[in-house]
Structure formats: C-alpha cells, structure tokens
$ cat entry_1.tsv   # TSV, C-alpha atoms
chain	number	residue	atom	x	y	z
N	1079	MET	CA	2.53	-24.01	-10.42
N	1080	ARG	CA	3.56	-24.19	-6.77
N	1081	ILE	CA	5.31	-21.11	-5.40
N	1082	PRO	CA	8.27	-21.95	-3.13
N	1083	PRO	CA	7.64	-21.12	0.54
N	1084	LEU	CA	10.72	-18.89	0.69
N	1085	THR	CA	9.37	-16.81	-2.21
N	1086	ILE	CA	6.01	-16.46	-0.46
N	1087	TYR	CA	7.82	-15.32	2.69
N	1088	ILE	CA	9.80	-12.69	0.76
N	1089	ILE	CA	6.67	-11.40	-1.01
N	1090	ARG	CA	4.86	-11.16	2.33
N	1091	ARG	CA	7.73	-9.26	3.92
N	1092	VAL	CA	7.91	-6.84	0.98
N	1093	ALA	CA	4.15	-6.20	1.20
N	1094	ILE	CA	4.38	-5.50	4.95
N	1095	SER	CA	7.31	-3.13	4.35
N	1096	LEU	CA	5.33	-1.20	1.74
N	1097	VAL	CA	2.40	-0.77	4.12
N	1098	VAL	CA	4.77	0.46	6.84
N	1099	LEU	CA	6.36	2.96	4.44
N	1100	VAL	CA	2.98	4.37	3.44
N	1101	GLY	CA	2.12	4.86	7.11
N	1102	VAL	CA	5.50	6.45	7.83
N	1103	SER	CA	5.13	8.81	4.87
N	1104	ALA	CA	1.69	9.93	6.08
N	1105	ILE	CA	2.93	10.57	9.62
N	1106	ALA	CA	6.07	12.36	8.38
N	1107	PHE	CA	4.06	14.55	6.03
N	1108	ALA	CA	1.58	15.46	8.75
N	1109	MET	CA	4.34	16.20	11.27
N	1110	SER	CA	6.18	18.45	8.82
N	1111	TYR	CA	3.06	20.61	8.54
N	1112	LEU	CA	2.72	20.82	12.33
N	1113	LEU	CA	5.97	22.79	12.58
N	1114	PRO	CA	5.34	26.14	14.28
N	1115	SER	CA	6.94	28.25	11.53
N	1116	ASP	CA	5.57	28.87	8.07
N	1117	PRO	CA	7.78	28.11	5.02
N	1118	VAL	CA	6.73	31.31	3.24
N	1119	THR	CA	7.33	33.47	6.31
N	1120	SER	CA	10.68	31.74	6.98
N	1121	ARG	CA	11.94	32.55	3.51
N	1122	TYR	CA	10.27	35.94	3.03
N	1123	PRO	CA	9.79	37.49	6.50
N	1124	ASP	CA	9.10	41.03	5.23
N	1125	ILE	CA	6.26	40.41	2.75
N	1126	THR	CA	2.71	41.58	3.32
N	1127	ASP	CA	-0.19	39.33	4.31
N	1128	ALA	CA	-1.63	39.55	0.79
N	1129	GLN	CA	1.66	38.51	-0.77
N	1130	ARG	CA	2.00	35.72	1.77
N	1131	ALA	CA	-1.47	34.39	0.93
N	1132	GLU	CA	-0.71	34.56	-2.80
N	1133	MET	CA	2.53	32.65	-2.41
N	1134	ARG	CA	0.88	30.01	-0.24
N	1135	ALA	CA	-1.72	29.53	-2.96
N	1136	GLN	CA	1.01	29.17	-5.60
N	1137	MET	CA	2.74	26.52	-3.47
N	1138	GLY	CA	-0.54	24.70	-2.81
N	1139	LEU	CA	-0.25	25.30	0.93
N	1140	ASP	CA	-3.79	26.65	1.09
N	1141	GLN	CA	-5.22	23.22	0.26
N	1142	PRO	CA	-6.42	20.77	2.96
N	1143	LEU	CA	-3.70	18.54	4.40
N	1144	VAL	CA	-5.22	15.39	2.85
N	1145	VAL	CA	-5.19	16.96	-0.60
N	1146	GLN	CA	-1.58	18.08	-0.17
N	1147	TYR	CA	-0.55	14.58	0.95
N	1148	ALA	CA	-2.33	12.97	-2.02
N	1149	ARG	CA	-0.54	15.33	-4.40
N	1150	TYR	CA	2.76	14.65	-2.69
N	1151	MET	CA	2.39	10.84	-2.92
N	1152	GLU	CA	1.35	11.13	-6.55
N	1153	SER	CA	4.53	13.05	-7.30
N	1154	VAL	CA	6.61	10.55	-5.30
N	1155	PHE	CA	5.33	7.65	-7.41
N	1156	ARG	CA	6.33	9.67	-10.48
N	1157	GLY	CA	9.82	10.12	-9.04
N	1158	ASP	CA	9.22	13.80	-8.28
N	1159	PHE	CA	9.85	14.67	-4.63
N	1160	GLY	CA	8.97	18.34	-4.96
N	1161	LYS	CA	11.10	21.45	-4.76
N	1162	SER	CA	13.17	22.76	-1.90
N	1163	PHE	CA	12.32	26.37	-1.07
N	1164	GLY	CA	15.66	26.72	0.71
N	1165	THR	CA	18.02	25.69	-2.11
N	1166	GLY	CA	15.81	26.48	-5.08
N	1167	ASN	CA	16.56	23.03	-6.54
N	1168	THR	CA	14.33	20.03	-6.82
N	1169	VAL	CA	14.64	17.64	-3.89
N	1170	GLY	CA	15.89	14.97	-6.31
N	1171	GLN	CA	18.79	17.19	-7.37
N	1172	ASP	CA	19.72	17.89	-3.76
N	1173	LEU	CA	19.52	14.24	-2.79
N	1174	ALA	CA	21.71	13.18	-5.73
N	1175	ILE	CA	24.51	15.24	-4.15
N	1176	ARG	CA	23.86	14.49	-0.50
N	1177	ILE	CA	23.00	10.78	-0.44
N	1178	PRO	CA	26.48	9.66	-1.64
N	1179	ALA	CA	28.06	11.85	1.04
N	1180	THR	CA	25.97	10.23	3.77
N	1181	LEU	CA	26.55	6.73	2.38
N	1182	GLU	CA	30.32	7.23	2.31
N	1183	LEU	CA	30.30	8.46	5.89
N	1184	ALA	CA	27.96	5.65	7.01
N	1185	VAL	CA	29.96	2.90	5.29
N	1186	PHE	CA	33.24	4.02	6.84
N	1187	GLY	CA	31.57	4.43	10.23
N	1188	ILE	CA	29.91	1.00	10.14
N	1189	VAL	CA	33.10	-0.71	8.93
N	1190	PHE	CA	35.04	0.92	11.77
N	1191	GLY	CA	32.38	-0.14	14.29
N	1192	ILE	CA	32.40	-3.74	13.05
N	1193	LEU	CA	36.20	-4.01	12.96
N	1194	VAL	CA	36.40	-2.79	16.57
N	1195	GLY	CA	33.16	-4.19	18.01
N	1196	LEU	CA	33.45	-7.79	16.77
N	1197	PRO	CA	36.91	-8.46	18.28
N	1198	MET	CA	35.84	-6.82	21.53
N	1199	GLY	CA	32.79	-9.08	21.77
N	1200	ILE	CA	34.71	-12.22	20.81
N	1201	LEU	CA	37.49	-11.53	23.31
N	1202	GLY	CA	34.93	-10.82	26.04
N	1203	ALA	CA	33.17	-14.14	25.37
N	1204	VAL	CA	36.35	-16.25	25.09
N	1205	TYR	CA	37.90	-14.78	28.25
N	1206	ARG	CA	34.60	-14.33	30.07
N	1207	GLY	CA	35.10	-13.22	33.70
N	1208	SER	CA	38.81	-12.41	33.24
N	1209	TRP	CA	40.53	-9.04	33.28
N	1210	ILE	CA	40.35	-8.97	29.48
N	1211	ASP	CA	36.56	-9.28	29.68
N	1212	HIS	CA	36.40	-6.46	32.23
N	1213	VAL	CA	38.54	-4.19	30.04
N	1214	MET	CA	36.32	-4.92	27.04
N	1215	ARG	CA	33.14	-4.21	29.04
N	1216	VAL	CA	34.48	-0.92	30.45
N	1217	SER	CA	35.61	0.16	26.97
N	1218	ASN	CA	32.19	-0.79	25.61
N	1219	LEU	CA	30.47	1.24	28.32
N	1220	LEU	CA	32.61	4.28	27.55
N	1221	ALA	CA	31.86	4.02	23.84
N	1222	GLN	CA	28.16	3.84	24.62
N	1223	SER	CA	28.14	6.72	27.08
N	1224	ILE	CA	29.96	9.43	25.11
N	1225	PRO	CA	27.53	11.72	23.24
N	1226	ALA	CA	28.42	12.07	19.56
N	1227	PHE	CA	27.92	15.86	19.59
N	1228	TRP	CA	30.21	16.40	22.58
N	1229	LEU	CA	32.86	14.02	21.25
N	1230	GLY	CA	32.85	15.66	17.83
N	1231	VAL	CA	33.24	19.17	19.22
N	1232	THR	CA	35.96	18.04	21.66
N	1233	LEU	CA	37.97	16.24	18.98
N	1234	ILE	CA	37.73	19.25	16.66
N	1235	PHE	CA	38.95	21.55	19.43
N	1236	TRP	CA	41.93	19.42	20.41
N	1237	LEU	CA	42.98	17.74	17.17
N	1238	TYR	CA	42.37	20.70	14.85
N	1239	PHE	CA	42.51	23.96	16.81
N	1240	GLN	CA	45.16	22.87	19.35
N	1241	LEU	CA	47.32	20.17	17.72
N	1242	ARG	CA	46.63	20.79	14.01
N	1243	VAL	CA	46.88	17.06	13.19
N	1244	VAL	CA	43.57	16.82	11.32
N	1245	PRO	CA	42.22	18.94	8.46
N	1246	SER	CA	39.64	21.65	8.95
N	1247	PRO	CA	36.11	20.23	9.50
N	1248	ILE	CA	34.60	21.95	6.47
N	1249	GLY	CA	33.00	19.07	4.61
N	1250	ARG	CA	34.12	16.30	2.28
N	1251	LEU	CA	37.12	17.95	0.68
N	1252	SER	CA	39.45	20.88	1.26
N	1253	PRO	CA	38.97	23.89	-1.07
N	1254	MET	CA	42.54	23.27	-2.24
N	1255	PHE	CA	41.33	20.24	-4.21
N	1256	THR	CA	38.66	19.81	-6.86
N	1257	ALA	CA	36.15	17.01	-6.45
N	1258	PRO	CA	36.78	13.90	-8.56
N	1259	VAL	CA	34.49	12.95	-11.42
N	1260	GLY	CA	31.42	11.29	-9.93
N	1261	ILE	CA	31.38	7.54	-10.61
N	1262	THR	CA	30.30	5.98	-7.33
N	1263	GLY	CA	29.70	9.24	-5.43
N	1264	PHE	CA	32.38	8.27	-2.89
N	1265	TYR	CA	35.17	10.85	-3.13
N	1266	THR	CA	37.80	8.43	-1.84
N	1267	LEU	CA	36.91	5.70	-4.31
N	1268	ASP	CA	36.28	8.02	-7.27
N	1269	ALA	CA	39.63	9.74	-6.75
N	1270	MET	CA	41.45	6.38	-6.68
N	1271	LEU	CA	39.67	5.24	-9.84
N	1272	ALA	CA	40.78	8.45	-11.53
N	1273	GLY	CA	44.36	8.00	-10.31
N	1274	ARG	CA	44.22	11.18	-8.24
N	1275	TRP	CA	45.86	9.78	-5.14
N	1276	ASP	CA	46.43	13.17	-3.53
N	1277	VAL	CA	42.69	13.88	-3.70
N	1278	ALA	CA	41.90	10.39	-2.38
N	1279	TRP	CA	44.20	10.94	0.60
N	1280	ALA	CA	42.73	14.40	1.24
N	1281	ALA	CA	39.17	13.03	1.10
N	1282	PHE	CA	40.14	10.16	3.40
N	1283	ARG	CA	41.63	12.57	5.95
N	1284	GLN	CA	38.44	14.65	5.90
N	1285	LEU	CA	36.45	11.46	6.47
N	1286	LEU	CA	38.48	9.99	9.33
N	1287	LEU	CA	37.22	12.09	12.24
N	1288	PRO	CA	33.46	12.12	11.46
N	1289	ALA	CA	33.57	8.40	10.58
N	1290	PHE	CA	35.27	7.68	13.92
N	1291	VAL	CA	32.63	9.64	15.86
N	1292	LEU	CA	29.80	7.97	13.94
N	1293	GLY	CA	31.35	4.51	14.15
N	1294	LEU	CA	31.86	4.74	17.89
N	1295	GLY	CA	28.09	4.45	18.26
N	1296	VAL	CA	28.25	1.16	16.33
N	1297	VAL	CA	30.96	-0.38	18.52
N	1298	SER	CA	28.85	-0.75	21.65
N	1299	PRO	CA	25.83	-2.71	20.29
N	1300	ILE	CA	28.05	-4.89	18.10
N	1301	ALA	CA	30.41	-5.75	20.98
N	1302	ARG	CA	27.55	-6.36	23.41
N	1303	ILE	CA	25.52	-8.67	21.17
N	1304	THR	CA	28.66	-10.48	19.93
N	1305	ARG	CA	29.76	-11.20	23.47
N	1306	ALA	CA	26.33	-12.55	24.45
N	1307	ALA	CA	25.85	-14.60	21.27
N	1308	MET	CA	29.39	-16.02	21.34
N	1309	SER	CA	29.06	-16.91	25.02
N	1310	ASP	CA	25.95	-18.97	24.25
N	1311	SER	CA	27.51	-20.50	21.16
N	1312	LEU	CA	30.65	-21.59	23.02
N	1313	LYS	CA	28.45	-23.55	25.44
N	1314	GLU	CA	26.88	-25.65	22.67
N	1315	ASP	CA	27.48	-29.41	22.54
N	1316	TYR	CA	29.18	-29.30	19.14
N	1317	ILE	CA	31.85	-26.98	20.55
N	1318	THR	CA	32.46	-29.33	23.48
N	1319	PHE	CA	32.60	-32.26	21.06
N	1320	GLY	CA	35.07	-30.39	18.85
N	1321	ARG	CA	37.33	-29.70	21.80
N	1322	ALA	CA	37.18	-33.38	22.77
N	1323	LEU	CA	38.32	-34.27	19.25
N	1324	GLY	CA	41.31	-31.98	19.66
N	1325	LEU	CA	40.29	-29.36	17.11
N	1326	LYS	CA	42.19	-26.09	17.23
N	1327	SER	CA	40.65	-23.37	19.38
N	1328	ARG	CA	40.98	-20.87	16.53
N	1329	GLN	CA	38.86	-23.06	14.25
N	1330	LEU	CA	36.24	-23.64	16.94
N	1331	ILE	CA	35.98	-19.96	17.96
N	1332	LEU	CA	36.26	-18.16	14.62
N	1333	GLY	CA	34.63	-20.92	12.61
N	1334	ASP	CA	31.97	-23.00	14.32
N	1335	ALA	CA	31.11	-20.80	17.31
N	1336	PHE	CA	31.10	-17.56	15.33
N	1337	ARG	CA	28.84	-19.03	12.66
N	1338	GLY	CA	26.41	-20.15	15.36
N	1339	ALA	CA	26.34	-16.58	16.70
N	1340	MET	CA	25.78	-14.95	13.30
N	1341	ILE	CA	21.97	-14.58	13.43
N	1342	PRO	CA	21.78	-12.20	16.44
N	1343	ILE	CA	24.81	-10.30	15.11
N	1344	VAL	CA	23.24	-9.83	11.67
N	1345	THR	CA	19.96	-8.82	13.32
N	1346	THR	CA	21.79	-6.16	15.33
N	1347	LEU	CA	23.44	-4.85	12.17
N	1348	GLY	CA	19.99	-4.30	10.69
N	1349	PHE	CA	18.93	-2.20	13.67
N	1350	ILE	CA	22.25	-0.35	13.69
N	1351	LEU	CA	21.47	1.13	10.28
N	1352	ALA	CA	18.65	3.20	11.78
N	1353	ASN	CA	20.95	4.47	14.55
N	1354	VAL	CA	23.68	5.35	12.05
N	1355	LEU	CA	21.31	7.34	9.85
N	1356	ALA	CA	19.89	9.12	12.90
N	1357	GLY	CA	23.36	9.80	14.31
N	1358	ALA	CA	24.54	11.06	10.92
N	1359	ALA	CA	22.39	14.17	11.33
N	1360	ILE	CA	24.35	15.15	14.44
N	1361	VAL	CA	27.77	14.23	13.06
N	1362	GLU	CA	27.14	15.94	9.73
N	1363	THR	CA	26.05	19.12	11.49
N	1364	VAL	CA	29.15	19.19	13.70
N	1365	PHE	CA	31.58	18.51	10.84
N	1366	ALA	CA	29.73	20.55	8.17
N	1367	TRP	CA	29.33	17.36	6.18
N	1368	PRO	CA	27.00	17.98	3.20
N	1369	GLY	CA	24.91	14.85	3.65
N	1370	LEU	CA	21.32	13.78	4.07
N	1371	GLY	CA	21.19	14.38	7.82
N	1372	ARG	CA	22.41	17.96	7.64
N	1373	TYR	CA	20.05	18.58	4.73
N	1374	ALA	CA	17.11	17.36	6.83
N	1375	VAL	CA	18.11	19.46	9.85
N	1376	THR	CA	18.40	22.59	7.71
N	1377	ALA	CA	15.02	21.86	6.11
N	1378	ILE	CA	13.38	21.45	9.53
N	1379	THR	CA	14.72	24.78	10.80
N	1380	THR	CA	13.35	26.57	7.72
N	1381	SER	CA	10.04	24.62	7.57
N	1382	ASP	CA	10.96	23.29	4.11
N	1383	MET	CA	8.37	20.52	4.03
N	1384	ALA	CA	9.27	18.63	0.84
N	1385	PRO	CA	12.86	17.83	1.91
N	1386	VAL	CA	11.73	16.96	5.45
N	1387	SER	CA	9.10	14.48	4.26
N	1388	THR	CA	11.40	12.98	1.65
N	1389	CYS	CA	14.34	12.56	4.05
N	1390	ILE	CA	12.15	10.80	6.61
N	1391	LEU	CA	10.70	8.58	3.87
N	1392	LEU	CA	14.19	7.71	2.62
N	1393	ILE	CA	15.48	6.85	6.09
N	1394	ALA	CA	12.39	4.72	6.78
N	1395	SER	CA	12.84	2.99	3.41
N	1396	SER	CA	16.48	2.26	4.21
N	1397	VAL	CA	15.55	0.73	7.56
N	1398	ALA	CA	12.75	-1.32	5.98
N	1399	VAL	CA	15.05	-2.63	3.24
N	1400	ALA	CA	17.76	-3.44	5.79
N	1401	ASN	CA	15.32	-5.39	7.97
N	1402	LEU	CA	14.01	-7.21	4.89
N	1403	LEU	CA	17.54	-8.23	3.88
N	1404	VAL	CA	18.25	-9.34	7.44
N	1405	ASP	CA	15.15	-11.56	7.47
N	1406	ILE	CA	16.07	-13.10	4.11
N	1407	SER	CA	19.68	-13.64	5.17
N	1408	TYR	CA	18.52	-15.91	8.00
N	1409	ALA	CA	17.68	-18.62	5.46
N	1410	PHE	CA	21.23	-18.52	4.10
N	1411	ILE	CA	23.01	-18.32	7.46
N	1412	ASP	CA	21.11	-21.06	9.32
N	1413	PRO	CA	20.43	-24.32	7.41
N	1414	ARG	CA	17.61	-25.15	9.83
N	1415	ILE	CA	15.63	-22.10	8.67
N	1416	ARG	CA	16.34	-22.92	5.02
N	1417	ASN	CA	15.11	-26.48	5.54
N	1418	GLU	CA	11.98	-25.16	7.26
N	1419	TYR	CA	11.16	-23.13	4.15
N	1420	ALA	CA	11.79	-26.13	1.93
N	1421	GLN	CA	9.26	-28.32	3.75
$ encode --input "entry_1.tsv" --output "structure tokens"
Amino acid sequence: MRIPPLTIYIIRRVAISLVVLVGVSAIAFAMSYLLPSDPVTSRYPDITDAQRAEMRAQMGLDQPLVVQYARYMESVFRGDFGKSFGTGNTVGQDLAIRIPATLELAVFGIVFGILVGLPMGILGAVYRGSWIDHVMRVSNLLAQSIPAFWLGVTLIFWLYFQLRVVPSPIGRLSPMFTAPVGITGFYTLDAMLAGRWDVAWAAFRQLLLPAFVLGLGVVSPIARITRAAMSDSLKEDYITFGRALGLKSRQLILGDAFRGAMIPIVTTLGFILANVLAGAAIVETVFAWPGLGRYAVTAITTSDMAPVSTCILLIASSVAVANLLVDISYAFIDPRIRNEYAQ
C-alpha cells in the first residue's frame, strides 16, 4: 500500500518536532537546576543543614542530574509533571487553572493584533508611498517600540488610578463576582453560556487592558509582513490582467491579491505564537493575571524546578505544534504545493 506523499511529510514533521521537544526538555531541565538558589532553602530558610539534606533526599534532589531527568521524563510520559513546592499542588492541578487563563488572554490579544495589523498592512501596500502608507508605517513603528511592561504600568496608572475608567488590575475577575462554572475555561465565554451576562461583562472588562498590551506586540509583525506580501502580490501578472478585464479593485485586493499573500502571513502567525507566550509572562505579572507566564516567573524566583521545566516544555510544545500546523496549512492555501505532494 502506497502512503500518500503528504502523509509522509506530516509524519516526518511530527517526528522532527518530537526530537526538538526532547532536546528542549533536557535543556530546560538542566537550566532549572543551574539556578543559584536552592528550592529547599527558598522554602525553608531557617532549617538546619541536616534537615536540609534530609529534605533534599526526600525530594530526590541528591541524585545525579541525569537520574533526575530520567525520572522526570518518565513521569511526564505518565502524565505526571511533579509537584510544585510553592503551591503544594501537583503541577497538573496548577496548570489546569492557569492554562485557560493564558489561552483566553492570548486569543483576545492575537485577535486584536490581527484585526488591527492586517488592515494596516493592506492599506500600506495599496497606497504604497502615499501619506496613508507613511501613517501606517509610523504607527507600526510606535507599536513595535513601546515596551509591554512600561505600557502596562502607564495604562494602569492613568486609566485606573487617575481616570478610574478601567477595573482594578487584580486578575481575571473582580472579587464582587463569582467565577462561572468551568466549561471552556474562558470566563467570558463560560459566563455567556451560563446566561450570567453581568459576569461576562465584568470578565471582559478585566481582559481588555492586558489583551490590548499583549496584542500590541502582534500588530507590528502582522502589519509589516502583510504590507510586504501584499505589495509583491499586487505586482503579479494575474492582478494586472484582472484590472485590464475591469474587475473591481475590492475583489482584486481582498480576494486574489490577499490569497496570494497568505503564505507569508500564516508563517508569521506561527512565529507570533512564541512571542505572545513569551510576552504573556510580562503582561500577566503586571496585571496580576493568574496564567502560565506568571506561574513560571514565580516558580523561577523560588527555584521550583518542576513547574519551570513543565512550563518551558509546554511553551516549546505549543510553538512546535503551531509550526507544524503552519507547514501543513501551506498545502491547503497554495494549490501548487498541494499538487507537488500529489505527484
């Protein structure tokens, strides 16, 4: 039985991704144990040396690094990511609470970045060299230059402390409301599904500012790559031919030219995922958002190795899966690539 070439390509990409993840997990695990502080000392600073040695033996920290890594990977394959010394819960329990928070923030941030970045790039390409293009480029440069940490703190100071037009930056929901029953893990969506529109609005208000700060980092790469890809696509012969036939500019720009520019745009979206997850750590810390990034930062400061290794592995897995989906999507976006697989 002959295996289709596209299937072979997918299997090969999955195998490469698995090898990369194993390497990332080994590096992350080794780096977490190179932290200057000791997890036992960080949690129990006043214990004696004998008690410290006993606790390290109970945690398995007295074993060689290779043995500890082998035990960690064995537990990972069993779905057990270890226990957090900081929270007292298993890492799986902590992640079940924090991953939906990060995903909700990331989804809103990415959607905002796409809704703003795509029109900016398209306008810059269509009106290339005009004042509209210059305005789009300056706006893009400003969005790229503003540090997320500084912007978050500044917006909190002015919009909350001075103007009182946004809610207090204390997490996903005000203490005045109870969290909705977890269905999707997204407070906004779960509250709407439960018919609790006041909670949905409150959760949305809490989400607006951190999603804006996070999404601003998405605007710049999306706008830049869209402008470049659309500029090249608008120069293609089929666009010139369409204009000669009298086709509407809207159809040529948003239909034919945009589809021709899709591959570099989709590729950029795959890379943006890594930046969003990395930027989430900063945004979540500023806005006290109980997500994966803040969890990882707290674990690093307390030398809590199991959460650190697991968070890095999860982020690397997300990036690997995103890149894999981007590679596969090429075959569905561009017929030439699909036909190449079929040969």
$ atom_distance --input "entry_1.tsv" --atom1 "CA of Leu1099 (chain N)" --atom2 "CA of Val1404 (chain N)"
17.4 Å
$ atom_distance --input "entry_1.tsv" --atom1 "CA of Tyr1087 (chain N)" --atom2 "CA of Ile1303 (chain N)"
26.4 Å
$ residues_around --input "entry_1.tsv" --residues "Phe1264 (chain N)" --least-positions-apart "5" --cutoff "7 Å" --atoms "only C-alpha atoms" --output "compact mmCIF listing (two decimals) with C-alpha atoms, keeping the file's coordinate frame"
# COMPACT_ATOMS: atom_id res chain seq x y z
CA PRO N 1178 26.48 9.66 -1.64
CA ALA N 1179 28.06 11.85 1.04
CA GLU N 1182 30.32 7.23 2.31
$ closest_residue --input "entry_1.tsv" --among "N:Val1154, N:Leu1392, N:Val1364, N:Val1296" --to "Leu1193 (chain N)" --atoms "all atoms listed in the file"
N:Val1296
$ closest_residue --input "entry_1.tsv" --among "N:Asn1353, N:Ser1298, N:Gln1141, N:Ser1309" --to "Ala1221 (chain N)" --atoms "all atoms listed in the file"
N:Ser1298
$ closest_residue --input "entry_1.tsv" --among "N:Gln1136, N:Ser1095, N:Gln1129, N:Thr1180" --to "Val1361 (chain N)" --atoms "all atoms listed in the file"
N:Thr1180
$ closest_residue --input "entry_1.tsv" --among "N:Leu1294, N:Ile1188, N:Leu1370, N:Leu1325" --to "Thr1388 (chain N)" --atoms "only C-alpha atoms"
N:Leu1370
$ axis_aligned_box --input "entry_1.tsv" --around "region 1145-1156 of chain N" --padding-each-side "8 Å" --output "JSON"
{"center_x": 0.7, "center_y": 12.9, "center_z": -4.8, "size_x": 27.8, "size_y": 26.4, "size_z": 27.4}
$ atom_distance --input "entry_1.tsv" --atom1 "CA of Val1169 (chain N)" --atom2 "CA of Tyr1150 (chain N)"
12.3 Å
$ residues_around --input "entry_1.tsv" --residues "region 1240-1244 of chain N" --least-positions-apart "6" --cutoff "9 Å" --atoms "all atoms listed in the file" --output "list in words"
Ile1234, Arg1283, Gln1284, Leu1286 and Leu1287 of chain N
$ closest_residue --input "entry_1.tsv" --among "N:Val1102, N:Ile1350, N:Leu1355, N:Ile1341" --to "Val1297 (chain N)" --atoms "only C-alpha atoms"
N:Ile1350
$ residues_around --input "entry_1.tsv" --residues "Gln1329 (chain N)" --least-positions-apart "6" --cutoff "10 Å" --atoms "only C-alpha atoms" --output "list in words"
Gly1320, Ala1335 and Phe1336 of chain N
$ closest_residue --input "entry_1.tsv" --among "N:Ala1400, N:Met1340, N:Leu1143, N:Ala1394" --to "Val1097 (chain N)" --atoms "all atoms listed in the file"
N:Ala1394
$ residues_around --input "entry_1.tsv" --residues "region 1156-1166 of chain N" --least-positions-apart "5" --cutoff "8 Å" --atoms "only C-alpha atoms" --output "PyMOL selection string"
chain N and resi 1117+1121+1150+1377+1380+1382-1385+1388
$ decode --input "entry_1.tsv" --residues "region 1148-1163 of chain N" --atoms "N, CA, C and O atoms" --output "mmCIF file, in the first residue's frame"
data_model
loop_
_atom_site.group_PDB
_atom_site.id
_atom_site.type_symbol
_atom_site.label_atom_id
_atom_site.label_comp_id
_atom_site.auth_asym_id
_atom_site.auth_seq_id
_atom_site.Cartn_x
_atom_site.Cartn_y
_atom_site.Cartn_z
ATOM 1 N N ALA N 1148 15.818 11.583 33.965
ATOM 2 C CA ALA N 1148 15.173 10.342 33.532
ATOM 3 C C ALA N 1148 13.877 10.111 34.318
ATOM 4 O O ALA N 1148 12.846 9.721 33.743
ATOM 5 N N ARG N 1149 13.924 10.361 35.620
ATOM 6 C CA ARG N 1149 12.719 10.200 36.434
ATOM 7 C C ARG N 1149 11.654 11.215 36.042
ATOM 8 O O ARG N 1149 10.453 10.907 36.021
ATOM 9 N N TYR N 1150 12.097 12.424 35.738
ATOM 10 C CA TYR N 1150 11.145 13.462 35.340
ATOM 11 C C TYR N 1150 10.456 13.099 34.026
ATOM 12 O O TYR N 1150 9.221 13.195 33.908
ATOM 13 N N MET N 1151 11.223 12.656 33.009
ATOM 14 C CA MET N 1151 10.647 12.298 31.723
ATOM 15 C C MET N 1151 9.733 11.082 31.846
ATOM 16 O O MET N 1151 8.701 10.986 31.162
ATOM 17 N N GLU N 1152 10.104 10.154 32.723
ATOM 18 C CA GLU N 1152 9.234 9.001 32.944
ATOM 19 C C GLU N 1152 7.877 9.441 33.499
ATOM 20 O O GLU N 1152 6.822 8.950 33.067
ATOM 21 N N SER N 1153 7.919 10.380 34.428
ATOM 22 C CA SER N 1153 6.657 10.880 34.999
ATOM 23 C C SER N 1153 5.865 11.688 33.977
ATOM 24 O O SER N 1153 4.633 11.640 33.960
ATOM 25 N N VAL N 1154 6.574 12.420 33.103
ATOM 26 C CA VAL N 1154 5.890 13.201 32.072
ATOM 27 C C VAL N 1154 5.122 12.285 31.124
ATOM 28 O O VAL N 1154 3.961 12.546 30.775
ATOM 29 N N PHE N 1155 5.747 11.194 30.700
ATOM 30 C CA PHE N 1155 5.069 10.246 29.809
ATOM 31 C C PHE N 1155 3.877 9.580 30.496
ATOM 32 O O PHE N 1155 2.969 9.088 29.828
ATOM 33 N N ARG N 1156 3.873 9.566 31.818
ATOM 34 C CA ARG N 1156 2.729 9.028 32.557
ATOM 35 C C ARG N 1156 1.695 10.112 32.855
ATOM 36 O O ARG N 1156 0.679 9.831 33.500
ATOM 37 N N GLY N 1157 1.960 11.332 32.372
ATOM 38 C CA GLY N 1157 1.038 12.425 32.628
ATOM 39 C C GLY N 1157 1.208 13.069 33.986
ATOM 40 O O GLY N 1157 0.356 13.845 34.424
ATOM 41 N N ASP N 1158 2.306 12.766 34.670
ATOM 42 C CA ASP N 1158 2.586 13.327 35.984
ATOM 43 C C ASP N 1158 3.757 14.292 35.858
ATOM 44 O O ASP N 1158 4.886 13.877 35.569
ATOM 45 N N PHE N 1159 3.492 15.587 36.063
ATOM 46 C CA PHE N 1159 4.528 16.601 35.884
ATOM 47 C C PHE N 1159 5.198 16.993 37.197
ATOM 48 O O PHE N 1159 5.900 17.993 37.256
ATOM 49 N N GLY N 1160 4.973 16.222 38.225
ATOM 50 C CA GLY N 1160 5.607 16.513 39.506
ATOM 51 C C GLY N 1160 4.744 17.391 40.379
ATOM 52 O O GLY N 1160 3.577 17.677 40.087
ATOM 53 N N LYS N 1161 5.334 17.845 41.477
ATOM 54 C CA LYS N 1161 4.626 18.645 42.465
ATOM 55 C C LYS N 1161 5.316 19.986 42.640
ATOM 56 O O LYS N 1161 6.539 20.073 42.659
ATOM 57 N N SER N 1162 4.513 21.014 42.759
ATOM 58 C CA SER N 1162 5.046 22.352 42.991
ATOM 59 C C SER N 1162 5.275 22.539 44.484
ATOM 60 O O SER N 1162 4.354 22.379 45.290
ATOM 61 N N PHE N 1163 6.514 22.881 44.860
ATOM 62 C CA PHE N 1163 6.827 23.125 46.267
ATOM 63 C C PHE N 1163 6.216 24.439 46.729
ATOM 64 O O PHE N 1163 5.959 24.631 47.916
#
